[in-house]
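Note sheet for the following structure.
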Amino acid sequence: MQEYEHTGVLTEDDLDLPSEKQLRKGVAVIECIQKIPCNPCVDICPTDAISMENINAPPHVDFEACIGCGKCVAICPGLACFVIKLEDDHALVTLPHEMLPLPGKGDTVAALNRRGEKIGEGIVRSVKKDDTPVITVEVAPELAMQTRAVEVEP
């Protein structure tokens with residue numbers, strides 16, 4: 001049994017992760033481990049960077065082909081897609097956001113890990129209001145692979 005099957009929380013060891021070079025260009029990171037018939041991320045990817053062995057297999061990202069467009073983030077019903085981009089002194093994490101209130105561009109927010117625990121702060125760089133709002137938050141580089149949600153602080 002994998003640890004996440006017991007805890008319900010993925011770790012980086014459970015995931016297929018891009019290299020630092022790939023993260024510098026900005027790529028999708030998919031944290032979907034469910035073996036269920038779901039493939040909207042595959043269908044929406046403009047470069048065919050996301051594939052599945054079969055309809056019930058978890059998706060796989062070809063990080064070399066991924067352009068970091070974020071279309072998978074907005075369409076994933078499981079909120080399991082993110083785009084991570086490392087820059088010199090910070091990282092940009094694009095993620096789905098279904099909590100209220102919706103932050104605004106320029107807001108300082110709490111960066112939350114996969115357990116919902118505060119791990120630092122971030123600054124909202126963009127907000128796209130789609131069926132599922134998608135935000136991009138600037139965080140410290142060391143928080144890029146842990147930030148999976150944000151919370152507007154009172």
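Letters A, B, ... mark the chains of the structure tokens in the order given; residue numbers begin at 1 per chain; ligand numbers begin at 1, in order shown.
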
*asked:* Quick check for you: according to DSSP on this backbone, which residues of range 44-153 of chain A are classed as alpha helix (DSSP H)? Reply as a VMD selection string.
replied: chain A and resid 44 71 to 75

*asked:* With only C-alpha atoms as the counted atoms, please give the residues lying no more than 9 Å from range 142-147 of chain A, apart from itself and same-chain residues fewer than 4 positions off, as a PyMOL selection string.
replied: chain A and resi 11-12+84-86+90-93+95+111-114+119-120+138

Write the residues of the selection above to a file with C-alpha atoms, as an mmCIF file, in the first residue's frame.
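Generated file (result_30.cif):
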```
data_model
loop_
_atom_site.group_PDB
_atom_site.id
_atom_site.type_symbol
_atom_site.label_atom_id
_atom_site.label_comp_id
_atom_site.auth_asym_id
_atom_site.auth_seq_id
_atom_site.Cartn_x
_atom_site.Cartn_y
_atom_site.Cartn_z
ATOM 1 C CA THR A 11 4.090 13.352 -1.585
ATOM 2 C CA GLU A 12 6.633 14.319 -4.231
ATOM 3 C CA ILE A 84 5.005 25.458 -12.121
ATOM 4 C CA LYS A 85 7.580 27.937 -13.417
ATOM 5 C CA LEU A 86 10.832 28.668 -11.629
ATOM 6 C CA HIS A 90 10.707 33.258 -7.120
ATOM 7 C CA ALA A 91 8.382 30.654 -8.582
ATOM 8 C CA LEU A 92 5.000 30.994 -10.242
ATOM 9 C CA VAL A 93 2.391 28.382 -9.376
ATOM 10 C CA LEU A 95 -3.553 26.423 -9.665
ATOM 11 C CA ALA A 111 0.357 29.409 0.471
ATOM 12 C CA LEU A 112 -1.031 26.023 1.518
ATOM 13 C CA ASN A 113 0.466 22.575 1.073
ATOM 14 C CA ARG A 114 -1.330 19.371 0.089
ATOM 15 C CA ILE A 119 3.716 26.992 4.467
ATOM 16 C CA GLY A 120 4.364 30.617 3.560
ATOM 17 C CA GLU A 138 4.272 34.055 -6.833
#
```

*Given the choices A:Val134, A:Ala74, A:Ala149, A:Leu23, which gets closest to Glu87 in chain A if the distance is worked out from only C-alpha atoms?*
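Looking only at the distances to Glu87 in chain A, the closest residue turns out to be A:Leu23.
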
*asked:* Under the rule that only C-alpha atoms are counted, which of A:Pro141, A:Leu15, A:Cys81, A:Lys71 is the nearest residue to Asp48 in chain A?
replied: A:Lys71

*Which residue of A:Val150, A:Cys76, A:Ala57, A:Val42 approaches Gly116 in chain A most closely, using only C-alpha atoms*: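 The closest residue to Gly116 in chain A is A:Val150.
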
*asked:* Which residue is closest to Glu98 in chain A? Choose from A:Ile55, A:Ala28, A:Val83, A:Ile135 and count only C-alpha atoms.
replied: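 So, comparing all the options, the nearest one is A:Ile135.
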
*Which of range 24-68 of chain A counts as strand (DSSP E or B) under DSSP, as a list of chain:residue names please?*
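Going through range 24-68 of chain A, the strand (DSSP E or B) residues come out as A:Val27, A:Ala28, A:Val29, A:Ile30, A:Ile50, A:Ser51, A:His60, A:Val61.
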
*What's the 9 Å shell around Thr108 in chain A, counting only C-alpha atoms, without same-chain residues fewer than 2 positions away, as a ChimeraX atom specification?*
/A:103-106,110,121-124,152-153

_Report, in Å with one decimal, the straight-line distance from CA of Gln34 in chain A to CA of Asn56 in chain A._
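Here the two named atoms are 8.1 Å from each other.
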
*Straight-line distance linking CA of Asp130 in chain A with CA of Ile75 in chain A, stated in Å to one decimal*: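 It comes out at 9.3 Å.
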
_Counting only C-alpha atoms, the residue of A:Pro154, A:Pro96, A:Gly78, A:Pro46 that sits nearest Val137 in chain A_ =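 Going through A:Pro154, A:Pro96, A:Gly78, A:Pro46 one by one, the smallest distance to Val137 in chain A is for A:Pro96.
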
*For CA of Met52 in chain A and CA of Lys21 in chain A, the interatomic separation in Å (one decimal)*: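 Separation between CA of Met52 in chain A and CA of Lys21 in chain A: 23.9 Å.
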
*Counting only C-alpha atoms, figure out which residue out of A:Arg115, A:Arg125, A:Lys25, A:His60 gets nearest to Val139 in chain A.*
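Closest candidate: A:Arg125.
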